[in-house]
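Okay, target.tsv is below, TSV, C-alpha atoms:
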chain	number	residue	atom	x	y	z
A	1	MET	CA	-5.84	15.48	21.80
A	2	VAL	CA	-4.85	12.81	19.28
A	3	LEU	CA	-4.60	10.19	22.05
A	4	ARG	CA	-8.06	10.99	23.32
A	5	ILE	CA	-9.50	10.59	19.85
A	6	LYS	CA	-7.91	7.16	19.61
A	7	LEU	CA	-9.20	6.09	23.01
A	8	TYR	CA	-12.81	6.93	22.10
A	9	PRO	CA	-13.27	6.06	18.44
A	10	SER	CA	-17.03	5.78	18.79
A	11	LYS	CA	-17.22	9.38	20.01
A	12	ALA	CA	-15.04	10.43	17.12
A	13	LEU	CA	-17.41	8.66	14.78
A	14	VAL	CA	-20.40	10.55	16.17
A	15	ALA	CA	-18.56	13.86	15.92
A	16	LEU	CA	-17.50	13.12	12.36
A	17	SER	CA	-21.00	12.17	11.27
A	18	PHE	CA	-22.29	15.37	12.85
A	19	SER	CA	-19.81	17.49	10.93
A	20	GLY	CA	-20.60	15.54	7.78
A	21	ALA	CA	-24.28	16.30	8.24
A	22	ILE	CA	-23.49	19.99	8.77
A	23	GLY	CA	-21.47	20.04	5.57
A	24	LEU	CA	-24.22	18.39	3.58
A	25	THR	CA	-26.71	20.83	5.14
A	26	PHE	CA	-24.68	23.76	3.85
A	27	LEU	CA	-24.60	22.17	0.42
A	28	MET	CA	-28.35	21.56	0.39
A	29	LEU	CA	-29.06	25.07	1.67
A	30	GLY	CA	-27.01	26.39	-1.22
A	31	CYS	CA	-29.31	24.56	-3.60
A	32	ALA	CA	-32.72	24.49	-1.98
A	33	LEU	CA	-33.29	27.91	-0.38
A	34	GLU	CA	-36.12	29.84	-2.00
A	35	ASP	CA	-33.78	32.55	-3.20
A	36	TYR	CA	-31.67	30.03	-5.08
A	37	GLY	CA	-33.56	26.91	-6.10
A	38	VAL	CA	-30.89	25.67	-8.53
A	39	TYR	CA	-29.55	22.18	-8.01
A	40	TRP	CA	-26.43	22.16	-10.22
A	41	PRO	CA	-24.04	22.47	-7.19
A	42	LEU	CA	-24.96	18.93	-6.15
A	43	PHE	CA	-22.39	17.75	-8.70
A	44	VAL	CA	-19.65	18.53	-6.17
A	45	LEU	CA	-20.80	15.38	-4.38
A	46	ILE	CA	-19.04	13.46	-7.16
A	47	PHE	CA	-15.76	15.14	-6.18
A	48	HIS	CA	-16.38	14.29	-2.54
A	49	ALA	CA	-17.01	10.66	-3.39
A	50	ILE	CA	-13.90	10.19	-5.55
A	51	SER	CA	-11.50	12.11	-3.32
A	52	PRO	CA	-10.40	9.09	-1.19
A	53	ILE	CA	-9.85	6.85	-4.23
A	54	PRO	CA	-6.25	7.85	-5.16
A	55	HIS	CA	-5.18	7.22	-1.58
A	56	PHE	CA	-6.63	3.71	-1.59
A	57	ILE	CA	-5.15	2.90	-4.98
A	58	ALA	CA	-1.71	3.96	-3.77
A	59	LYS	CA	-2.14	2.03	-0.53
A	60	ARG	CA	-2.92	-1.14	-2.46
A	61	ALA	CA	-0.15	-0.67	-4.99
A	62	THR	CA	2.68	-0.21	-2.47
A	63	TYR	CA	1.47	-2.75	0.05
A	64	ASP	CA	4.74	-4.45	1.00
A	65	SER	CA	7.00	-1.46	1.33
A	66	ASP	CA	7.90	0.06	4.68
A	67	ALA	CA	9.53	3.08	3.12
A	68	THR	CA	8.44	6.48	4.35
A	69	SER	CA	7.02	7.45	1.02
A	70	SER	CA	6.86	6.35	-2.57
A	71	ALA	CA	6.28	7.87	-5.96
A	72	CYS	CA	2.84	6.26	-6.12
A	73	ARG	CA	1.79	7.73	-2.78
A	74	GLU	CA	2.93	11.20	-3.79
A	75	LEU	CA	1.05	10.96	-7.07
A	76	ALA	CA	-2.02	10.03	-5.02
A	77	TYR	CA	-1.57	13.16	-2.90
A	78	PHE	CA	-1.25	15.19	-6.09
A	79	PHE	CA	-4.51	13.89	-7.56
A	80	THR	CA	-6.38	14.10	-4.27
A	81	THR	CA	-5.38	17.75	-4.00
A	82	GLY	CA	-6.57	18.22	-7.55
A	83	ILE	CA	-9.96	16.74	-6.74
A	84	VAL	CA	-10.29	19.03	-3.71
A	85	VAL	CA	-9.35	22.10	-5.75
A	86	SER	CA	-11.85	21.08	-8.41
A	87	ALA	CA	-14.61	20.76	-5.82
A	88	PHE	CA	-13.93	24.37	-4.83
A	89	GLY	CA	-13.49	25.62	-8.36
A	90	PHE	CA	-16.71	24.17	-9.75
A	91	PRO	CA	-19.17	26.32	-7.73
A	92	VAL	CA	-17.09	29.41	-8.42
A	93	ILE	CA	-17.34	28.77	-12.15
A	94	LEU	CA	-21.09	28.24	-11.85
A	95	ALA	CA	-21.42	31.56	-10.04
A	96	ARG	CA	-19.24	33.35	-12.59
A	97	VAL	CA	-21.66	32.51	-15.39
A	98	SER	CA	-24.63	33.27	-13.11
A	99	VAL	CA	-26.01	29.75	-13.16
A	100	ILE	CA	-26.10	30.04	-9.37
A	101	LYS	CA	-25.98	33.14	-7.21
A	102	TRP	CA	-22.85	34.08	-5.28
A	103	GLY	CA	-24.64	33.48	-1.99
A	104	ALA	CA	-25.35	29.91	-3.02
A	105	CYS	CA	-21.73	29.59	-4.11
A	106	GLY	CA	-20.58	30.72	-0.68
A	107	LEU	CA	-22.78	28.17	1.05
A	108	VAL	CA	-21.55	25.39	-1.24
A	109	LEU	CA	-17.91	26.35	-0.60
A	110	ALA	CA	-18.52	26.31	3.15
A	111	GLY	CA	-20.15	22.90	2.84
A	112	ASN	CA	-17.18	21.68	0.79
A	113	ALA	CA	-14.72	22.78	3.46
A	114	VAL	CA	-16.64	21.04	6.23
A	115	ILE	CA	-17.09	17.83	4.25
A	116	PHE	CA	-13.43	17.62	3.26
A	117	LEU	CA	-12.39	18.21	6.86
A	118	THR	CA	-14.76	15.39	7.82
A	119	ILE	CA	-13.21	13.05	5.25
A	120	GLN	CA	-9.76	13.97	6.48
A	121	GLY	CA	-10.95	13.36	10.04
A	122	PHE	CA	-12.09	9.89	9.05
A	123	PHE	CA	-8.63	9.11	7.72
A	124	LEU	CA	-6.92	10.47	10.81
A	125	VAL	CA	-9.06	8.51	13.23
A	126	PHE	CA	-9.70	5.28	11.38
A	127	GLY	CA	-6.94	5.02	8.82
A	128	ARG	CA	-3.95	4.61	11.08
A	129	GLY	CA	-3.87	0.93	11.98
A	130	ASP	CA	-1.95	-1.59	9.92
A	131	ASP	CA	-5.02	-3.75	9.70
A	132	PHE	CA	-7.60	-1.41	8.30
A	133	SER	CA	-10.55	-3.24	9.79
A	134	TRP	CA	-13.84	-2.23	11.30
A	135	GLU	CA	-13.03	-3.93	14.62
A	136	GLN	CA	-11.41	-0.77	15.88
A	137	TRP	CA	-14.65	0.36	17.39
B	138	MET	CA	25.90	45.76	10.71
B	139	ALA	CA	26.65	43.08	8.14
B	140	GLY	CA	25.22	39.71	9.03
B	141	PHE	CA	23.05	40.89	11.89
B	142	LEU	CA	20.43	38.29	11.00
B	143	ASP	CA	22.98	35.47	10.88
B	144	ASN	CA	21.97	34.08	14.26
B	145	PHE	CA	18.26	34.41	13.68
B	146	ARG	CA	16.41	31.09	13.80
B	147	TRP	CA	12.76	30.40	13.16
B	148	PRO	CA	10.88	29.36	16.33
B	149	GLU	CA	11.14	25.60	16.68
B	150	CYS	CA	8.08	23.46	16.22
B	151	GLU	CA	8.98	19.90	17.13
B	152	CYS	CA	5.54	18.37	16.93
B	153	ILE	CA	5.79	17.52	13.23
B	154	ASP	CA	8.85	16.09	11.54
B	155	TRP	CA	8.98	18.27	8.44
B	156	SER	CA	11.84	16.38	6.83
B	157	GLU	CA	9.71	13.25	6.55
B	158	ARG	CA	6.79	15.23	5.22
B	159	ARG	CA	8.69	17.13	2.59
B	160	ASN	CA	7.51	14.97	-0.29
B	161	ALA	CA	3.88	15.11	0.80
B	162	VAL	CA	3.94	18.91	1.15
B	163	ALA	CA	5.61	19.29	-2.24
B	164	SER	CA	3.04	17.01	-3.87
B	165	VAL	CA	0.13	18.91	-2.34
B	166	VAL	CA	1.52	22.32	-3.32
B	167	ALA	CA	2.18	21.10	-6.84
B	168	GLY	CA	-1.36	19.74	-7.02
B	169	VAL	CA	-2.86	23.03	-5.90
B	170	LEU	CA	-0.89	25.01	-8.48
B	171	PHE	CA	-1.56	22.59	-11.34
B	172	PHE	CA	-5.28	22.34	-10.86
B	173	THR	CA	-5.70	26.05	-10.09
B	174	GLY	CA	-4.09	26.71	-13.46
B	175	TRP	CA	-6.56	24.44	-15.19
B	176	TRP	CA	-9.56	25.91	-13.42
B	177	ILE	CA	-8.46	29.43	-14.39
B	178	MET	CA	-8.51	28.31	-18.01
B	179	ILE	CA	-11.88	26.56	-17.59
B	180	ASP	CA	-13.20	29.78	-16.06
B	181	ALA	CA	-12.01	31.85	-19.02
B	182	ALA	CA	-13.48	29.35	-21.50
B	183	VAL	CA	-16.82	29.45	-19.72
B	184	VAL	CA	-17.03	33.23	-19.32
B	185	TYR	CA	-15.82	33.93	-22.88
B	186	PRO	CA	-17.44	31.21	-24.97
B	187	LYS	CA	-17.10	32.84	-28.40
B	188	PRO	CA	-14.07	31.94	-30.54
B	189	GLU	CA	-13.47	35.65	-31.29
B	190	GLN	CA	-12.91	36.26	-27.59
B	191	LEU	CA	-10.94	33.12	-26.80
B	192	ASN	CA	-9.74	31.16	-29.81
B	193	HIS	CA	-10.15	27.48	-29.08
B	194	ALA	CA	-6.66	26.79	-30.41
B	195	PHE	CA	-5.22	28.51	-27.34
B	196	HIS	CA	-6.11	25.47	-25.29
B	197	THR	CA	-3.20	23.70	-26.99
B	198	CYS	CA	-0.67	25.37	-24.72
B	199	GLY	CA	-2.29	23.99	-21.61
B	200	VAL	CA	-2.56	20.53	-23.10
B	201	PHE	CA	1.11	20.45	-24.03
B	202	SER	CA	2.08	21.81	-20.63
B	203	THR	CA	0.17	19.01	-18.97
B	204	LEU	CA	1.78	16.43	-21.25
B	205	ALA	CA	5.17	17.91	-20.41
B	206	PHE	CA	4.36	17.74	-16.68
B	207	PHE	CA	3.76	14.02	-16.88
B	208	MET	CA	6.75	13.43	-19.13
B	209	ILE	CA	9.11	15.32	-16.81
B	210	ASN	CA	7.83	13.60	-13.71
B	211	ALA	CA	7.74	10.15	-15.23
B	212	VAL	CA	11.52	9.75	-14.95
B	213	SER	CA	13.09	9.80	-11.53
B	214	ASN	CA	16.32	11.62	-10.85
B	215	ALA	CA	17.95	8.30	-10.07
B	216	GLN	CA	17.24	6.99	-13.54
B	217	VAL	CA	18.70	10.10	-15.12
B	218	ARG	CA	21.87	9.69	-13.09
B	219	GLY	CA	21.98	6.01	-13.93
B	220	ASP	CA	21.86	5.06	-10.25
B	221	SER	CA	18.87	2.76	-10.09
B	222	TYR	CA	19.22	-1.00	-10.39
B	223	GLU	CA	16.63	-1.50	-13.07
B	224	SER	CA	17.37	0.66	-16.04
B	225	GLY	CA	13.75	1.08	-17.11
B	226	CYS	CA	12.75	0.60	-20.73
B	227	LEU	CA	14.85	3.48	-22.06
B	228	GLY	CA	18.05	3.29	-20.07
B	229	ARG	CA	19.97	6.29	-18.82
B	230	THR	CA	20.41	8.05	-22.11
B	231	GLY	CA	16.79	7.44	-23.05
B	232	ALA	CA	15.69	8.90	-19.72
B	233	ARG	CA	17.78	11.99	-20.37
B	234	VAL	CA	16.35	12.44	-23.87
B	235	TRP	CA	12.82	12.00	-22.47
B	236	LEU	CA	13.47	14.61	-19.80
B	237	PHE	CA	14.99	16.97	-22.36
B	238	ILE	CA	11.96	16.68	-24.65
B	239	GLY	CA	9.66	17.15	-21.67
B	240	PHE	CA	11.38	20.35	-20.60
B	241	MET	CA	11.39	21.63	-24.16
B	242	LEU	CA	7.63	21.11	-24.40
B	243	MET	CA	7.16	22.85	-21.08
B	244	PHE	CA	9.24	25.88	-21.97
B	245	GLY	CA	7.71	26.01	-25.42
B	246	SER	CA	4.19	26.10	-23.99
B	247	LEU	CA	5.17	28.78	-21.52
B	248	ILE	CA	6.68	30.96	-24.22
B	249	ALA	CA	3.68	30.32	-26.48
B	250	SER	CA	1.32	31.43	-23.75
B	251	MET	CA	3.28	34.66	-23.28
B	252	TRP	CA	3.17	35.19	-27.04
B	253	ILE	CA	-0.59	34.65	-27.04
B	254	LEU	CA	-1.05	37.09	-24.19
B	255	PHE	CA	0.90	39.84	-25.85
B	256	GLY	CA	0.21	39.11	-29.50
B	257	ALA	CA	-3.47	38.31	-29.37
B	258	TYR	CA	-4.67	40.35	-26.40
B	259	VAL	CA	-2.45	43.12	-25.09
B	260	THR	CA	-1.65	44.62	-28.49
B	261	GLN	CA	-5.24	44.32	-29.74
B	262	ASN	CA	-7.88	46.59	-28.34
B	263	THR	CA	-9.78	43.85	-26.55
B	264	ASP	CA	-10.56	42.42	-23.13
B	265	VAL	CA	-7.29	40.95	-21.91
B	266	TYR	CA	-8.63	38.43	-19.36
B	267	PRO	CA	-8.57	35.34	-21.64
B	268	GLY	CA	-4.95	36.03	-22.55
B	269	LEU	CA	-4.07	36.35	-18.88
B	270	ALA	CA	-5.87	33.09	-18.20
B	271	VAL	CA	-3.83	31.24	-20.85
B	272	PHE	CA	-0.63	32.72	-19.45
B	273	PHE	CA	-1.44	31.94	-15.82
B	274	GLN	CA	-2.54	28.43	-16.67
B	275	ASN	CA	0.80	27.66	-18.26
B	276	ALA	CA	2.84	29.55	-15.69
B	277	LEU	CA	1.12	27.72	-12.83
B	278	ILE	CA	1.59	24.35	-14.52
B	279	PHE	CA	5.25	25.25	-15.06
B	280	PHE	CA	5.81	26.06	-11.39
B	281	SER	CA	3.85	23.01	-10.37
B	282	THR	CA	6.19	20.88	-12.50
B	283	LEU	CA	9.25	22.44	-10.91
B	284	ILE	CA	7.95	21.89	-7.41
B	285	TYR	CA	6.88	18.33	-8.11
B	286	LYS	CA	10.16	17.47	-9.81
B	287	PHE	CA	12.65	19.23	-7.57
B	288	GLY	CA	10.74	19.70	-4.33
B	289	ARG	CA	10.68	16.02	-3.51
B	290	THR	CA	13.60	13.97	-2.37
B	291	GLU	CA	14.05	10.41	-3.53
B	292	GLU	CA	15.80	9.42	-0.33
B	293	LEU	CA	12.43	8.98	1.32
B	294	TRP	CA	11.63	6.24	-1.16
B	295	THR	CA	14.28	3.82	0.14
Re-express the file's structure as structure tokens.
Amino acid sequence: MVLRIKLYPSKALVALSFSGAIGLTFLMLGCALEDYGVYWPLFVLIFHAISPIPHFIAKRATYDSDATSSACRELAYFFTTGIVVSAFGFPVILARVSVIKWGACGLVLAGNAVIFLTIQGFFLVFGRGDDFSWEQW
Amino acid sequence: MAGFLDNFRWPECECIDWSERRNAVASVVAGVLFFTGWWIMIDAAVVYPKPEQLNHAFHTCGVFSTLAFFMINAVSNAQVRGDSYESGCLGRTGARVWLFIGFMLMFGSLIASMWILFGAYVTQNTDVYPGLAVFFQNALIFFSTLIYKFGRTEELWT
């Protein structure tokens, strides 16, 4: 399965953009449906945008080392996990104070899950090579 | 009868090398615990906004726990043993004192959160959820610190 993804990176790209669109659809449904109509959940997009940043900072900082792991990389995992947890916690908090309804919260959480899986998919497919370049496809 | 589970082995899964991933798994678990603790406290602060329900001073425990987390994890075990080549800015004894102070802050915050739970919530005739939130925040940060400090091995760094 992993080999087939690597042999057809363009197909993986299409699949990943599809799942990304599905995730964003869930998020927008959670905001824009007539029953809900509250747009505060869109702030989770900030968490989605900053979630890859710790990984890239750690990658830059420990460029020369061929060790299996490093303290910087593990700290990056720690903060990335924190950002993911925060993206799930934020809609729950909004629903707890009734700023959004629980149905909207559920849709936003589903959208979160799909989008984070998409981001992780991007890293699995495109992040492997030593030269992180766009020539891979 | 004694030792009848001695030869039991978990089913083998050779697709992933868990020994190489130990540090990553420990970091992720520690991250989940730490940030879940903080979001529990944020939830309590949002649902109980009045100071009579959740005194704003109770946030201090979480802040000191977080400070202690970063203090404890700032020194590596190698520096405390005196093994690493560069002695860092404090040296071996300084690293030990730093670690000691960090653990004292951590335990102090944990005990303070228990005190808050029992003294300010359980014994008064009031809704106990904010006290539980303070306690769970500090307990989760405490366990997160332990996992992040002792769940990783420094051999993977060489």
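Using only C-alpha atoms for every distance, the candidate list B:Ser156, B:Thr290, B:Ser164, B:Ser202 yields B:Ser164 as the residue closest to chain A.
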For this session: Measuring atom to atom with only C-alpha atoms, identify which of A:Ile115, A:Val108, A:Pro91, A:Phe126 is nearest to Leu27 of chain A.
Result: A:Val108
Given a cut-off of 7 Å, which residues of chain B touch chain A, counting all atoms listed in the file, written out as a short mmCIF file (atom, residue, chain, number, x, y, z; two decimals) with C-alpha atoms, keeping the file's coordinate frame?
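Now in iface-v3.cif:
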data_model
loop_
_atom_site.label_atom_id
_atom_site.label_comp_id
_atom_site.auth_asym_id
_atom_site.auth_seq_id
_atom_site.Cartn_x
_atom_site.Cartn_y
_atom_site.Cartn_z
CA ASN B 160 7.51 14.97 -0.29
CA ALA B 161 3.88 15.11 0.80
CA SER B 164 3.04 17.01 -3.87
CA VAL B 165 0.13 18.91 -2.34
CA ALA B 167 2.18 21.10 -6.84
CA GLY B 168 -1.36 19.74 -7.02
CA VAL B 169 -2.86 23.03 -5.90
CA PHE B 172 -5.28 22.34 -10.86
CA THR B 173 -5.70 26.05 -10.09
CA TRP B 176 -9.56 25.91 -13.42
CA ASP B 180 -13.20 29.78 -16.06
CA VAL B 184 -17.03 33.23 -19.32
CA LEU B 293 12.43 8.98 1.32
CA TRP B 294 11.63 6.24 -1.16
CA THR B 295 14.28 3.82 0.14
#
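With all atoms listed in the file as the atoms that count, the minimum distance from Phe237 of chain B to the choices B:Val217, B:Ala249, B:Ala194, B:Leu254 is reached by B:Val217.
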Exercise. Which residues come within 10 Å of Asn112 of chain A, counting all atoms listed in the file, excluding same-chain residues fewer than 4 positions away, as a PyMOL selection string?
Worked result: chain A and resi 20+23-24+26-27+44-45+47-48+84+87-88+91+106-108+116-118
Exercise. Any idea what's packed within 12 Å of segment 251-253 of chain B, counting all atoms listed in the file, ignoring anything in its chain fewer than 4 positions away? Could you give it as an MDAnalysis selection string?
Worked result: chainID B and resid 191:192 194:198 244:247 257:261 265:276
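Proximity to Leu109 of chain A was assessed for A:Ala49, A:Met28, A:Ala21, A:Leu13 counting only C-alpha atoms; the smallest distance is recorded for A:Met28.
When atom CA of Phe201 of chain B is paired with atom CA of Met243 of chain B, their separation reads 7.1 Å.
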Problem set entry | Interatomic distance (Å, one decimal) between atom CA of Arg289 of chain B and atom CA of Cys226 of chain B | 23.2 Å
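Atom CA of Trp235 of chain B is positioned 8.0 Å from atom CA of Val212 of chain B.
Using all atoms listed in the file, the nearest neighbour of Gly199 of chain B within the list B:Met138, B:Ala163, B:Ile177, B:Val183 is B:Ile177.
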Problem set entry | Spatial neighbours of Ile209 of chain B, max dist 8 Å, all atoms listed in the file, sep filter under 2 positions, as a VMD selection string | chain B and resid 205 to 207 211 to 212 235 to 236 239 to 240 282 286
Take segment 168-193 of chain B, bring it up to N, CA and C atoms, and give me the output as a PDB file, in the coordinates of the input.
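This is the output file out15.pdb:
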ATOM      1  N   GLY B 168       0.008  20.029  -6.609  1.00  0.00           N
ATOM      2  CA  GLY B 168      -1.360  19.740  -7.020  1.00  0.00           C
ATOM      3  C   GLY B 168      -2.220  20.991  -7.014  1.00  0.00           C
ATOM      4  N   VAL B 169      -2.078  21.798  -5.964  1.00  0.00           N
ATOM      5  CA  VAL B 169      -2.860  23.030  -5.900  1.00  0.00           C
ATOM      6  C   VAL B 169      -2.547  23.918  -7.092  1.00  0.00           C
ATOM      7  N   LEU B 170      -1.265  24.129  -7.377  1.00  0.00           N
ATOM      8  CA  LEU B 170      -0.890  25.010  -8.480  1.00  0.00           C
ATOM      9  C   LEU B 170      -1.404  24.471  -9.810  1.00  0.00           C
ATOM     10  N   PHE B 171      -1.179  23.190 -10.055  1.00  0.00           N
ATOM     11  CA  PHE B 171      -1.560  22.590 -11.340  1.00  0.00           C
ATOM     12  C   PHE B 171      -3.047  22.747 -11.592  1.00  0.00           C
ATOM     13  N   PHE B 172      -3.845  22.329 -10.608  1.00  0.00           N
ATOM     14  CA  PHE B 172      -5.280  22.340 -10.860  1.00  0.00           C
ATOM     15  C   PHE B 172      -5.858  23.742 -10.806  1.00  0.00           C
ATOM     16  N   THR B 173      -5.257  24.658 -10.028  1.00  0.00           N
ATOM     17  CA  THR B 173      -5.700  26.050 -10.090  1.00  0.00           C
ATOM     18  C   THR B 173      -5.474  26.606 -11.485  1.00  0.00           C
ATOM     19  N   GLY B 174      -4.338  26.268 -12.088  1.00  0.00           N
ATOM     20  CA  GLY B 174      -4.090  26.710 -13.460  1.00  0.00           C
ATOM     21  C   GLY B 174      -5.170  26.237 -14.410  1.00  0.00           C
ATOM     22  N   TRP B 175      -5.525  24.957 -14.299  1.00  0.00           N
ATOM     23  CA  TRP B 175      -6.560  24.440 -15.190  1.00  0.00           C
ATOM     24  C   TRP B 175      -7.910  25.075 -14.942  1.00  0.00           C
ATOM     25  N   TRP B 176      -8.257  25.298 -13.675  1.00  0.00           N
ATOM     26  CA  TRP B 176      -9.560  25.910 -13.420  1.00  0.00           C
ATOM     27  C   TRP B 176      -9.610  27.363 -13.858  1.00  0.00           C
ATOM     28  N   ILE B 177      -8.481  28.065 -13.844  1.00  0.00           N
ATOM     29  CA  ILE B 177      -8.460  29.430 -14.390  1.00  0.00           C
ATOM     30  C   ILE B 177      -8.801  29.380 -15.871  1.00  0.00           C
ATOM     31  N   MET B 178      -8.241  28.400 -16.573  1.00  0.00           N
ATOM     32  CA  MET B 178      -8.510  28.310 -18.010  1.00  0.00           C
ATOM     33  C   MET B 178      -9.955  27.906 -18.262  1.00  0.00           C
ATOM     34  N   ILE B 179     -10.472  26.972 -17.442  1.00  0.00           N
ATOM     35  CA  ILE B 179     -11.880  26.560 -17.590  1.00  0.00           C
ATOM     36  C   ILE B 179     -12.779  27.768 -17.354  1.00  0.00           C
ATOM     37  N   ASP B 180     -12.428  28.581 -16.351  1.00  0.00           N
ATOM     38  CA  ASP B 180     -13.200  29.780 -16.060  1.00  0.00           C
ATOM     39  C   ASP B 180     -13.215  30.725 -17.268  1.00  0.00           C
ATOM     40  N   ALA B 181     -12.059  30.958 -17.864  1.00  0.00           N
ATOM     41  CA  ALA B 181     -12.010  31.850 -19.020  1.00  0.00           C
ATOM     42  C   ALA B 181     -12.827  31.279 -20.175  1.00  0.00           C
ATOM     43  N   ALA B 182     -12.735  29.956 -20.385  1.00  0.00           N
ATOM     44  CA  ALA B 182     -13.480  29.350 -21.500  1.00  0.00           C
ATOM     45  C   ALA B 182     -14.969  29.438 -21.278  1.00  0.00           C
ATOM     46  N   VAL B 183     -15.394  29.426 -20.013  1.00  0.00           N
ATOM     47  CA  VAL B 183     -16.820  29.450 -19.720  1.00  0.00           C
ATOM     48  C   VAL B 183     -17.362  30.886 -19.799  1.00  0.00           C
ATOM     49  N   VAL B 184     -16.558  31.847 -19.345  1.00  0.00           N
ATOM     50  CA  VAL B 184     -17.030  33.230 -19.320  1.00  0.00           C
ATOM     51  C   VAL B 184     -16.927  33.871 -20.704  1.00  0.00           C
ATOM     52  N   TYR B 185     -15.994  33.394 -21.533  1.00  0.00           N
ATOM     53  CA  TYR B 185     -15.820  33.930 -22.880  1.00  0.00           C
ATOM     54  C   TYR B 185     -16.007  32.806 -23.886  1.00  0.00           C
ATOM     55  N   PRO B 186     -17.252  32.398 -24.159  1.00  0.00           N
ATOM     56  CA  PRO B 186     -17.440  31.210 -24.970  1.00  0.00           C
ATOM     57  C   PRO B 186     -17.197  31.408 -26.471  1.00  0.00           C
ATOM     58  N   LYS B 187     -17.200  32.667 -26.951  1.00  0.00           N
ATOM     59  CA  LYS B 187     -17.100  32.840 -28.400  1.00  0.00           C
ATOM     60  C   LYS B 187     -15.654  32.710 -28.861  1.00  0.00           C
ATOM     61  N   PRO B 188     -15.443  32.100 -30.049  1.00  0.00           N
ATOM     62  CA  PRO B 188     -14.070  31.940 -30.540  1.00  0.00           C
ATOM     63  C   PRO B 188     -13.371  33.265 -30.809  1.00  0.00           C
ATOM     64  N   GLU B 189     -14.134  34.355 -31.055  1.00  0.00           N
ATOM     65  CA  GLU B 189     -13.470  35.650 -31.290  1.00  0.00           C
ATOM     66  C   GLU B 189     -12.849  36.166 -30.001  1.00  0.00           C
ATOM     67  N   GLN B 190     -13.454  35.767 -28.852  1.00  0.00           N
ATOM     68  CA  GLN B 190     -12.910  36.260 -27.590  1.00  0.00           C
ATOM     69  C   GLN B 190     -11.784  35.363 -27.098  1.00  0.00           C
ATOM     70  N   LEU B 191     -11.970  34.055 -27.222  1.00  0.00           N
ATOM     71  CA  LEU B 191     -10.940  33.120 -26.800  1.00  0.00           C
ATOM     72  C   LEU B 191     -10.877  32.027 -27.856  1.00  0.00           C
ATOM     73  N   ASN B 192      -9.889  32.132 -28.727  1.00  0.00           N
ATOM     74  CA  ASN B 192      -9.740  31.160 -29.810  1.00  0.00           C
ATOM     75  C   ASN B 192      -9.497  29.776 -29.210  1.00  0.00           C
ATOM     76  N   HIS B 193     -10.250  28.802 -29.687  1.00  0.00           N
ATOM     77  CA  HIS B 193     -10.150  27.480 -29.080  1.00  0.00           C
ATOM     78  C   HIS B 193      -8.782  26.848 -29.262  1.00  0.00           C
TER      79      HIS B 193
END
